[in-house]
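Participant: Below is the file work_11.pdb, which contains PDB, C-alpha atoms, pLDDT in the B column.
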```
ATOM      1  CA  MET A   1      -9.278  31.683   5.248  1.00 51.00           C
ATOM      2  CA  ALA A   2     -12.470  29.682   5.518  1.00 66.00           C
ATOM      3  CA  LEU A   3     -13.624  28.395   2.180  1.00 76.00           C
ATOM      4  CA  GLY A   4     -16.828  26.636   1.267  1.00 81.00           C
ATOM      5  CA  PRO A   5     -16.714  23.166  -0.249  1.00 85.00           C
ATOM      6  CA  ILE A   6     -14.426  23.020  -3.263  1.00 89.00           C
ATOM      7  CA  GLU A   7     -15.163  21.231  -6.497  1.00 91.00           C
ATOM      8  CA  ILE A   8     -12.972  20.812  -9.554  1.00 93.00           C
ATOM      9  CA  VAL A   9     -14.598  20.369 -12.938  1.00 92.00           C
ATOM     10  CA  VAL A  10     -12.721  19.716 -16.165  1.00 93.00           C
ATOM     11  CA  LEU A  11     -14.543  20.595 -19.364  1.00 90.00           C
ATOM     12  CA  GLY A  12     -13.578  19.392 -22.805  1.00 87.00           C
ATOM     13  CA  PHE A  13     -15.060  20.858 -25.965  1.00 76.00           C
ATOM     14  CA  PRO A  14     -15.228  19.785 -29.582  1.00 67.00           C
ATOM     15  CA  GLY A  15     -12.778  21.782 -31.642  1.00 65.00           C
ATOM     16  CA  ASN A  16     -11.240  23.088 -28.428  1.00 63.00           C
ATOM     17  CA  ARG A  17     -13.507  26.116 -28.485  1.00 69.00           C
ATOM     18  CA  PHE A  18     -15.189  27.130 -25.300  1.00 71.00           C
ATOM     19  CA  THR A  19     -18.529  28.319 -26.592  1.00 70.00           C
ATOM     20  CA  GLY A  20     -22.236  28.268 -25.928  1.00 72.00           C
ATOM     21  CA  ASP A  21     -24.057  29.201 -22.744  1.00 81.00           C
ATOM     22  CA  ILE A  22     -21.470  28.009 -20.311  1.00 83.00           C
ATOM     23  CA  ARG A  23     -19.816  31.308 -19.503  1.00 86.00           C
ATOM     24  CA  PRO A  24     -23.072  33.266 -18.951  1.00 88.00           C
ATOM     25  CA  ARG A  25     -24.373  30.482 -16.717  1.00 90.00           C
ATOM     26  CA  ILE A  26     -21.220  30.569 -14.610  1.00 91.00           C
ATOM     27  CA  VAL A  27     -21.308  34.370 -14.479  1.00 91.00           C
ATOM     28  CA  ASP A  28     -24.880  34.165 -13.235  1.00 93.00           C
ATOM     29  CA  LEU A  29     -23.937  31.755 -10.440  1.00 93.00           C
ATOM     30  CA  VAL A  30     -21.035  33.965  -9.414  1.00 93.00           C
ATOM     31  CA  GLN A  31     -23.179  37.107  -9.388  1.00 92.00           C
ATOM     32  CA  ARG A  32     -25.733  35.381  -7.181  1.00 94.00           C
ATOM     33  CA  ASP A  33     -22.904  34.312  -4.846  1.00 90.00           C
ATOM     34  CA  ILE A  34     -23.784  30.655  -5.304  1.00 94.00           C
ATOM     35  CA  VAL A  35     -20.267  29.797  -6.421  1.00 94.00           C
ATOM     36  CA  THR A  36     -16.975  31.579  -6.840  1.00 92.00           C
ATOM     37  CA  VAL A  37     -14.269  30.526  -9.245  1.00 93.00           C
ATOM     38  CA  ILE A  38     -11.110  30.372  -7.157  1.00 92.00           C
ATOM     39  CA  ASP A  39      -8.749  28.909  -9.739  1.00 93.00           C
ATOM     40  CA  ALA A  40      -8.765  27.969 -13.394  1.00 93.00           C
ATOM     41  CA  LEU A  41      -6.318  26.411 -15.792  1.00 93.00           C
ATOM     42  CA  PHE A  42      -6.421  25.653 -19.486  1.00 92.00           C
ATOM     43  CA  ILE A  43      -4.935  22.197 -19.989  1.00 93.00           C
ATOM     44  CA  THR A  44      -3.616  20.993 -23.331  1.00 91.00           C
ATOM     45  CA  LYS A  45      -2.516  17.592 -24.544  1.00 92.00           C
ATOM     46  CA  GLY A  46      -0.297  17.395 -27.605  1.00 91.00           C
ATOM     47  CA  GLU A  47      -0.522  14.730 -30.289  1.00 92.00           C
ATOM     48  CA  ASP A  48       2.406  13.040 -28.530  1.00 95.00           C
ATOM     49  CA  GLY A  49       0.457  12.961 -25.270  1.00 92.00           C
ATOM     50  CA  ALA A  50       2.527  15.671 -23.600  1.00 94.00           C
ATOM     51  CA  VAL A  51       0.458  17.697 -21.156  1.00 95.00           C
ATOM     52  CA  GLY A  52       0.851  21.449 -20.904  1.00 94.00           C
ATOM     53  CA  TYR A  53      -1.153  24.242 -19.381  1.00 94.00           C
ATOM     54  CA  LEU A  54      -1.879  27.906 -19.838  1.00 92.00           C
ATOM     55  CA  GLU A  55      -3.190  30.558 -17.506  1.00 92.00           C
ATOM     56  CA  LEU A  56      -6.496  32.032 -18.628  1.00 89.00           C
ATOM     57  CA  GLU A  57      -4.868  35.451 -18.948  1.00 87.00           C
ATOM     58  CA  GLN A  58      -2.586  33.991 -21.602  1.00 89.00           C
ATOM     59  CA  LEU A  59      -5.531  33.001 -23.800  1.00 85.00           C
ATOM     60  CA  VAL A  60      -6.146  36.431 -25.208  1.00 81.00           C
ATOM     61  CA  ASP A  61      -7.453  35.143 -28.543  1.00 82.00           C
ATOM     62  CA  ASP A  62     -10.433  33.409 -26.976  1.00 80.00           C
ATOM     63  CA  PRO A  63     -12.846  36.093 -25.725  1.00 80.00           C
ATOM     64  CA  GLU A  64     -14.998  33.578 -23.835  1.00 81.00           C
ATOM     65  CA  ILE A  65     -12.071  32.378 -21.782  1.00 82.00           C
ATOM     66  CA  SER A  66     -10.644  35.860 -21.292  1.00 79.00           C
ATOM     67  CA  ALA A  67     -14.025  36.900 -19.912  1.00 81.00           C
ATOM     68  CA  LEU A  68     -13.986  33.989 -17.483  1.00 85.00           C
ATOM     69  CA  ASN A  69     -10.611  35.136 -16.248  1.00 86.00           C
ATOM     70  CA  GLY A  70     -12.319  38.288 -14.963  1.00 83.00           C
ATOM     71  CA  LEU A  71     -14.407  36.107 -12.654  1.00 85.00           C
ATOM     72  CA  LEU A  72     -11.440  34.709 -10.789  1.00 86.00           C
ATOM     73  CA  THR A  73     -11.730  36.072  -7.277  1.00 75.00           C
ATOM     74  CA  SER A  74      -8.327  34.992  -6.099  1.00 70.00           C
ATOM     75  CA  GLN A  75      -4.984  34.004  -7.444  1.00 69.00           C
ATOM     76  CA  LEU A  76      -4.388  31.090  -5.180  1.00 77.00           C
ATOM     77  CA  ASP A  77      -3.038  28.792  -7.917  1.00 87.00           C
ATOM     78  CA  LEU A  78      -4.440  25.756  -6.171  1.00 91.00           C
ATOM     79  CA  LEU A  79      -3.848  23.532  -9.176  1.00 94.00           C
ATOM     80  CA  THR A  80      -0.266  22.601  -9.920  1.00 94.00           C
ATOM     81  CA  SER A  81       1.459  21.269 -13.019  1.00 93.00           C
ATOM     82  CA  GLU A  82       1.258  17.832 -11.410  1.00 93.00           C
ATOM     83  CA  ASP A  83      -2.508  18.296 -11.075  1.00 94.00           C
ATOM     84  CA  ALA A  84      -2.754  19.324 -14.729  1.00 95.00           C
ATOM     85  CA  THR A  85      -1.195  15.999 -15.733  1.00 94.00           C
ATOM     86  CA  GLU A  86      -3.601  14.144 -13.495  1.00 93.00           C
ATOM     87  CA  LEU A  87      -6.655  16.029 -14.747  1.00 94.00           C
ATOM     88  CA  ALA A  88      -5.612  15.432 -18.358  1.00 94.00           C
ATOM     89  CA  ALA A  89      -5.857  11.653 -17.882  1.00 91.00           C
ATOM     90  CA  ASN A  90      -9.053  11.388 -19.912  1.00 89.00           C
ATOM     91  CA  LEU A  91      -8.116  14.034 -22.455  1.00 91.00           C
ATOM     92  CA  GLN A  92      -7.615  12.894 -26.045  1.00 90.00           C
ATOM     93  CA  PRO A  93      -4.232  13.694 -27.627  1.00 91.00           C
ATOM     94  CA  GLY A  94      -4.408  16.913 -29.623  1.00 89.00           C
ATOM     95  CA  SER A  95      -7.193  18.414 -27.547  1.00 90.00           C
ATOM     96  CA  SER A  96      -7.572  20.714 -24.574  1.00 90.00           C
ATOM     97  CA  ALA A  97      -9.796  21.245 -21.577  1.00 92.00           C
ATOM     98  CA  LEU A  98     -10.711  23.921 -19.091  1.00 92.00           C
ATOM     99  CA  ALA A  99     -10.249  23.080 -15.424  1.00 94.00           C
ATOM    100  CA  LEU A 100     -12.291  25.218 -13.045  1.00 93.00           C
ATOM    101  CA  VAL A 101     -12.070  25.189  -9.267  1.00 94.00           C
ATOM    102  CA  PHE A 102     -15.370  26.221  -7.738  1.00 93.00           C
ATOM    103  CA  GLU A 103     -16.047  27.192  -4.184  1.00 92.00           C
ATOM    104  CA  HIS A 104     -19.635  26.423  -3.233  1.00 92.00           C
ATOM    105  CA  ARG A 105     -20.588  29.672  -1.524  1.00 91.00           C
ATOM    106  CA  TRP A 106     -24.184  28.572  -0.979  1.00 90.00           C
ATOM    107  CA  MET A 107     -22.927  26.184   1.669  1.00 87.00           C
ATOM    108  CA  ALA A 108     -21.603  29.007   3.891  1.00 84.00           C
ATOM    109  CA  PRO A 109     -24.934  30.053   5.461  1.00 86.00           C
ATOM    110  CA  VAL A 110     -25.827  26.415   6.031  1.00 86.00           C
ATOM    111  CA  ARG A 111     -22.522  25.883   7.744  1.00 83.00           C
ATOM    112  CA  GLU A 112     -23.002  28.990   9.898  1.00 85.00           C
ATOM    113  CA  ALA A 113     -26.453  27.760  10.887  1.00 89.00           C
ATOM    114  CA  ILE A 114     -24.976  24.391  11.824  1.00 87.00           C
ATOM    115  CA  ILE A 115     -22.319  26.004  14.000  1.00 86.00           C
ATOM    116  CA  GLU A 116     -24.739  28.457  15.628  1.00 91.00           C
ATOM    117  CA  SER A 117     -27.119  25.684  16.548  1.00 94.00           C
ATOM    118  CA  GLY A 118     -24.299  23.704  18.120  1.00 93.00           C
ATOM    119  CA  GLY A 119     -24.539  21.030  15.469  1.00 90.00           C
ATOM    120  CA  VAL A 120     -21.645  19.143  13.986  1.00 86.00           C
ATOM    121  CA  LEU A 121     -21.123  18.383  10.335  1.00 79.00           C
ATOM    122  CA  LEU A 122     -20.505  14.643  10.500  1.00 82.00           C
ATOM    123  CA  ALA A 123     -20.037  13.950   6.818  1.00 80.00           C
ATOM    124  CA  ASP A 124     -19.828  15.905   3.593  1.00 77.00           C
ATOM    125  CA  LEU A 125     -19.240  13.611   0.652  1.00 79.00           C
ATOM    126  CA  HIS A 126     -19.089  14.176  -3.039  1.00 79.00           C
ATOM    127  CA  VAL A 127     -20.647  11.248  -4.856  1.00 83.00           C
ATOM    128  CA  PRO A 128     -19.123  10.591  -8.288  1.00 81.00           C
ATOM    129  CA  PRO A 129     -21.715  10.260 -11.074  1.00 83.00           C
ATOM    130  CA  GLU A 130     -20.662   6.670 -11.812  1.00 85.00           C
ATOM    131  CA  VAL A 131     -21.642   5.709  -8.278  1.00 88.00           C
ATOM    132  CA  VAL A 132     -25.015   7.447  -8.584  1.00 89.00           C
ATOM    133  CA  GLU A 133     -25.650   5.644 -11.855  1.00 90.00           C
ATOM    134  CA  SER A 134     -24.817   2.216 -10.545  1.00 90.00           C
ATOM    135  CA  VAL A 135     -26.930   2.676  -7.415  1.00 90.00           C
ATOM    136  CA  LEU A 136     -29.856   3.971  -9.460  1.00 92.00           C
ATOM    137  CA  ALA A 137     -29.504   1.038 -11.830  1.00 91.00           C
ATOM    138  CA  ALA A 138     -29.756  -1.340  -8.881  1.00 89.00           C
ATOM    139  CA  VAL A 139     -32.916   0.409  -7.659  1.00 85.00           C
ATOM    140  CA  GLU A 140     -34.700   0.055 -10.973  1.00 76.00           C
TER     141      GLU A 140
ATOM    142  CA  MET B   1       5.228  29.318 -15.263  1.00 46.00           C
ATOM    143  CA  PRO B   2       6.955  28.532 -11.980  1.00 54.00           C
ATOM    144  CA  ARG B   3       3.979  29.497  -9.843  1.00 83.00           C
ATOM    145  CA  ARG B   4       2.345  26.106 -10.299  1.00 89.00           C
ATOM    146  CA  MET B   5       5.441  24.027  -9.664  1.00 88.00           C
ATOM    147  CA  GLY B   6       7.166  22.478  -6.710  1.00 85.00           C
ATOM    148  CA  ARG B   7       4.368  22.374  -4.189  1.00 84.00           C
ATOM    149  CA  PRO B   8       1.292  20.279  -3.498  1.00 85.00           C
ATOM    150  CA  GLY B   9      -1.820  20.961  -5.543  1.00 87.00           C
ATOM    151  CA  LEU B  10      -5.460  20.174  -4.898  1.00 88.00           C
ATOM    152  CA  VAL B  11      -5.609  16.989  -6.937  1.00 87.00           C
ATOM    153  CA  GLY B  12      -2.282  15.574  -5.818  1.00 86.00           C
ATOM    154  CA  THR B  13      -2.989  16.304  -2.178  1.00 85.00           C
ATOM    155  CA  MET B  14      -6.410  14.735  -2.507  1.00 81.00           C
ATOM    156  CA  ALA B  15      -4.918  11.574  -3.957  1.00 80.00           C
ATOM    157  CA  ARG B  16      -2.247  11.424  -1.261  1.00 79.00           C
ATOM    158  CA  THR B  17      -4.661  11.902   1.626  1.00 75.00           C
ATOM    159  CA  ALA B  18      -7.312   9.622   0.130  1.00 65.00           C
ATOM    160  CA  VAL B  19      -6.218   6.622   2.141  1.00 49.00           C
ATOM    161  CA  ILE B  20      -6.759   8.422   5.423  1.00 51.00           C
ATOM    162  CA  SER B  21      -9.678  10.718   4.789  1.00 50.00           C
ATOM    163  CA  GLY B  22     -11.720   8.351   2.671  1.00 49.00           C
ATOM    164  CA  THR B  23     -11.894  10.665  -0.321  1.00 45.00           C
ATOM    165  CA  ALA B  24     -10.514   8.024  -2.654  1.00 43.00           C
ATOM    166  CA  THR B  25     -13.601   8.151  -4.793  1.00 44.00           C
ATOM    167  CA  ALA B  26     -13.215  11.876  -5.279  1.00 43.00           C
ATOM    168  CA  ALA B  27      -9.951  11.446  -7.139  1.00 44.00           C
ATOM    169  CA  SER B  28     -10.445  10.072 -10.601  1.00 45.00           C
ATOM    170  CA  GLY B  29      -8.266   8.529 -13.234  1.00 48.00           C
ATOM    171  CA  SER B  30      -5.716   5.785 -13.285  1.00 45.00           C
ATOM    172  CA  VAL B  31      -2.945   8.064 -12.103  1.00 46.00           C
ATOM    173  CA  ALA B  32      -4.972   8.902  -9.006  1.00 48.00           C
ATOM    174  CA  ARG B  33      -5.326   5.218  -8.278  1.00 50.00           C
ATOM    175  CA  ARG B  34      -1.620   4.728  -8.652  1.00 50.00           C
ATOM    176  CA  GLN B  35      -0.917   7.683  -6.369  1.00 50.00           C
ATOM    177  CA  HIS B  36      -3.472   6.273  -3.991  1.00 49.00           C
ATOM    178  CA  ALA B  37      -1.569   3.003  -3.827  1.00 55.00           C
ATOM    179  CA  LYS B  38       1.640   4.920  -3.311  1.00 52.00           C
ATOM    180  CA  ALA B  39       0.071   7.006  -0.558  1.00 53.00           C
ATOM    181  CA  GLN B  40      -1.121   3.842   1.106  1.00 55.00           C
ATOM    182  CA  ALA B  41       2.384   2.431   1.088  1.00 54.00           C
ATOM    183  CA  THR B  42       3.923   5.540   2.633  1.00 51.00           C
ATOM    184  CA  ALA B  43       1.066   6.316   5.001  1.00 50.00           C
ATOM    185  CA  GLN B  44       1.556   3.026   6.762  1.00 51.00           C
ATOM    186  CA  GLN B  45       4.991   3.954   8.030  1.00 49.00           C
ATOM    187  CA  PRO B  46       4.261   6.879  10.322  1.00 48.00           C
ATOM    188  CA  ALA B  47       1.411   5.873  12.597  1.00 46.00           C
ATOM    189  CA  PRO B  48       1.587   8.180  15.596  1.00 46.00           C
ATOM    190  CA  SER B  49      -1.922   7.329  16.782  1.00 47.00           C
ATOM    191  CA  SER B  50      -0.772   5.327  19.770  1.00 48.00           C
ATOM    192  CA  GLY B  51       2.423   5.323  21.790  1.00 46.00           C
ATOM    193  CA  PRO B  52       4.435   8.336  22.842  1.00 49.00           C
ATOM    194  CA  PRO B  53       3.729  11.603  21.060  1.00 48.00           C
ATOM    195  CA  MET B  54       6.196  12.549  18.361  1.00 48.00           C
ATOM    196  CA  GLU B  55       9.010  14.710  19.663  1.00 46.00           C
ATOM    197  CA  PRO B  56       9.067  17.986  17.834  1.00 45.00           C
ATOM    198  CA  THR B  57      12.556  19.268  17.151  1.00 45.00           C
ATOM    199  CA  ALA B  58      13.433  22.707  18.381  1.00 48.00           C
ATOM    200  CA  SER B  59      12.845  24.416  15.054  1.00 51.00           C
ATOM    201  CA  VAL B  60       9.500  22.771  14.402  1.00 47.00           C
ATOM    202  CA  PRO B  61       6.479  24.627  15.726  1.00 51.00           C
ATOM    203  CA  THR B  62       3.777  22.233  16.878  1.00 51.00           C
ATOM    204  CA  PRO B  63       0.360  22.920  15.434  1.00 53.00           C
ATOM    205  CA  PRO B  64      -2.354  23.523  18.019  1.00 52.00           C
ATOM    206  CA  GLN B  65      -3.768  20.265  19.263  1.00 51.00           C
ATOM    207  CA  PRO B  66      -7.531  20.179  18.901  1.00 50.00           C
ATOM    208  CA  ALA B  67      -9.296  18.951  22.038  1.00 55.00           C
ATOM    209  CA  ALA B  68     -11.949  17.104  20.073  1.00 57.00           C
ATOM    210  CA  PRO B  69     -11.848  15.731  16.535  1.00 55.00           C
ATOM    211  CA  PRO B  70     -11.832  18.904  14.467  1.00 55.00           C
ATOM    212  CA  ALA B  71     -14.786  19.831  12.306  1.00 65.00           C
ATOM    213  CA  PRO B  72     -14.054  19.350   8.592  1.00 66.00           C
ATOM    214  CA  ASP B  73     -13.468  23.040   7.935  1.00 71.00           C
ATOM    215  CA  THR B  74     -11.195  23.478  10.945  1.00 76.00           C
ATOM    216  CA  MET B  75      -9.293  20.455   9.750  1.00 78.00           C
ATOM    217  CA  LEU B  76      -8.987  21.913   6.285  1.00 80.00           C
ATOM    218  CA  ALA B  77      -7.596  25.125   7.729  1.00 81.00           C
ATOM    219  CA  GLU B  78      -5.122  23.150   9.811  1.00 82.00           C
ATOM    220  CA  LEU B  79      -4.129  21.124   6.773  1.00 83.00           C
ATOM    221  CA  GLU B  80      -3.598  24.302   4.803  1.00 84.00           C
ATOM    222  CA  ARG B  81      -1.397  25.556   7.603  1.00 83.00           C
ATOM    223  CA  LEU B  82       0.666  22.380   7.568  1.00 85.00           C
ATOM    224  CA  VAL B  83       1.041  22.642   3.806  1.00 85.00           C
ATOM    225  CA  GLU B  84       2.139  26.242   4.228  1.00 84.00           C
ATOM    226  CA  MET B  85       4.656  25.334   6.902  1.00 83.00           C
ATOM    227  CA  LYS B  86       6.038  22.564   4.746  1.00 83.00           C
ATOM    228  CA  GLN B  87       6.385  24.942   1.819  1.00 82.00           C
ATOM    229  CA  GLN B  88       8.273  27.354   4.023  1.00 79.00           C
ATOM    230  CA  GLY B  89      10.642  24.531   4.890  1.00 79.00           C
ATOM    231  CA  LEU B  90       9.590  24.452   8.532  1.00 80.00           C
ATOM    232  CA  LEU B  91       8.562  20.809   8.285  1.00 82.00           C
ATOM    233  CA  THR B  92      10.304  17.877   6.650  1.00 83.00           C
ATOM    234  CA  ASP B  93       8.321  15.439   4.525  1.00 84.00           C
ATOM    235  CA  ASP B  94       8.187  12.907   7.350  1.00 85.00           C
ATOM    236  CA  GLU B  95       7.122  15.467   9.925  1.00 84.00           C
ATOM    237  CA  PHE B  96       4.464  16.756   7.583  1.00 85.00           C
ATOM    238  CA  THR B  97       3.097  13.260   6.949  1.00 85.00           C
ATOM    239  CA  ALA B  98       3.060  12.396  10.634  1.00 85.00           C
ATOM    240  CA  LEU B  99       1.381  15.630  11.686  1.00 85.00           C
ATOM    241  CA  LYS B 100      -1.138  15.323   8.885  1.00 83.00           C
ATOM    242  CA  ALA B 101      -2.015  11.775   9.897  1.00 84.00           C
ATOM    243  CA  ARG B 102      -2.417  12.857  13.497  1.00 81.00           C
ATOM    244  CA  LEU B 103      -4.603  15.795  12.511  1.00 80.00           C
ATOM    245  CA  ILE B 104      -6.870  13.630  10.385  1.00 76.00           C
ATOM    246  CA  GLU B 105      -7.140  10.906  12.981  1.00 74.00           C
ATOM    247  CA  GLY B 106      -8.134  13.581  15.498  1.00 63.00           C
TER     248      GLY B 106
END
```
Let's see the structure in the file written out as structure tokens.

Facilitator:
Amino acid sequence: MALGPIEIVVLGFPGNRFTGDIRPRIVDLVQRDIVTVIDALFITKGEDGAVGYLELEQLVDDPEISALNGLLTSQLDLLTSEDATELAANLQPGSSALALVFEHRWMAPVREAIIESGGVLLADLHVPPEVVESVLAAVE
Amino acid sequence: MPRRMGRPGLVGTMARTAVISGTATAASGSVARRQHAKAQATAQQPAPSSGPPMEPTASVPTPPQPAAPPAPDTMLAELERLVEMKQQGLLTDDEFTALKARLIEG
């Protein structure tokens, strides 16, 4: 299975409620085939620092999250319990976060064009925001 | 929830392959850095880049050898295949690591 570039984002929210415009914005991107959500996990950290996780389908009492579950195009379970612990590194005790695994669909036509023209993709790097900030700071 | 246990995940695999593929910056957090250091320590042992090719045992299917350094998406597919084979118990940890290193080095 050929996938586009994959990106993991972990979102934390005050009061642990996933609200606001986020879901409609993601739905919009999915409908326009710009991204697909290929995995998602709700990660929790207890007051004692213990990390746990829930599948979106288990979060029936949060309609926003349940609705996101409908967007999942596959059940690949790419994130593991080990990953949940890793992703929870910056999570405050007693709070939770939503981890989403996006596939960047918009890249597919570009990639096809590269292959058809006989080109080679020599590098495809994700630049962490901290790096962007420090480089920009040096430019100023 | 056994479906997310006992196999490599995206983040863990990224941290473990960081030393070879140069994606170290993509993995964040102190744990990633620790895993990175660990990966570095283990990745130094099997270095099949030069010398005789590794002898596959009878039960181990050899992945197709790319003629040229594989394009990133071909490599990803190959990596996924290796992961799959390891999950199915067709490859030992050492074999997996060696084949992965060879794949990434092209």

Participant: Here is a test: counting only C-alpha atoms, which residue of A:Ala123, A:Val135, A:Leu11, A:Val35 is nearest to chain B?

Facilitator: A:Ala123

Participant: Distance limit 6 Å, atoms considered: all atoms listed in the file. Which chain B residues sit that close to chain A? Return them as a ChimeraX atom specification.

Facilitator: /B:4-5,9-12

Participant: As an exercise, work out the distance from atom CA of A:Leu68 to atom CA of A:Gly46 in Å and give it to one decimal place.

Facilitator: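 Computed distance, atom CA of A:Leu68 to atom CA of A:Gly46, equals 23.8 Å.
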
Participant: Can you tell me how far atom CA of B:Pro8 sits from atom CA of A:Phe102, in Å to one decimal?

Facilitator: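 Straight-line distance from atom CA of B:Pro8 to atom CA of A:Phe102 works out to 18.2 Å.
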
Participant: Counting only C-alpha atoms, which of B:Thr74, B:Ile104, B:Val83, B:Gln88 gets nearest to B:Thr13?

Facilitator: B:Val83

Participant: If you count only C-alpha atoms, which residues fall within 12 Å of A:Gly119, apart from same-chain ones fewer than 5 positions away, as a PDB file with C-alpha atoms, in the coordinates of the input?

Facilitator:
```pdb
ATOM      1  CA  VAL A 110     -25.827  26.415   6.031  1.00 86.00           C
ATOM      2  CA  ARG A 111     -22.522  25.883   7.744  1.00 83.00           C
ATOM      3  CA  GLU A 112     -23.002  28.990   9.898  1.00 85.00           C
ATOM      4  CA  ALA A 113     -26.453  27.760  10.887  1.00 89.00           C
ATOM      5  CA  ILE A 114     -24.976  24.391  11.824  1.00 87.00           C
TER       6      ILE A 114
ATOM      7  CA  ALA B  71     -14.786  19.831  12.306  1.00 65.00           C
TER       8      ALA B  71
END
```

Participant: As an exercise, work out the distance from atom CA of A:Glu103 to atom CA of A:Gly12 in Å and give it to one decimal place.

Facilitator: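 Atom-to-atom, atom CA of A:Glu103 to atom CA of A:Gly12, that is 20.3 Å.
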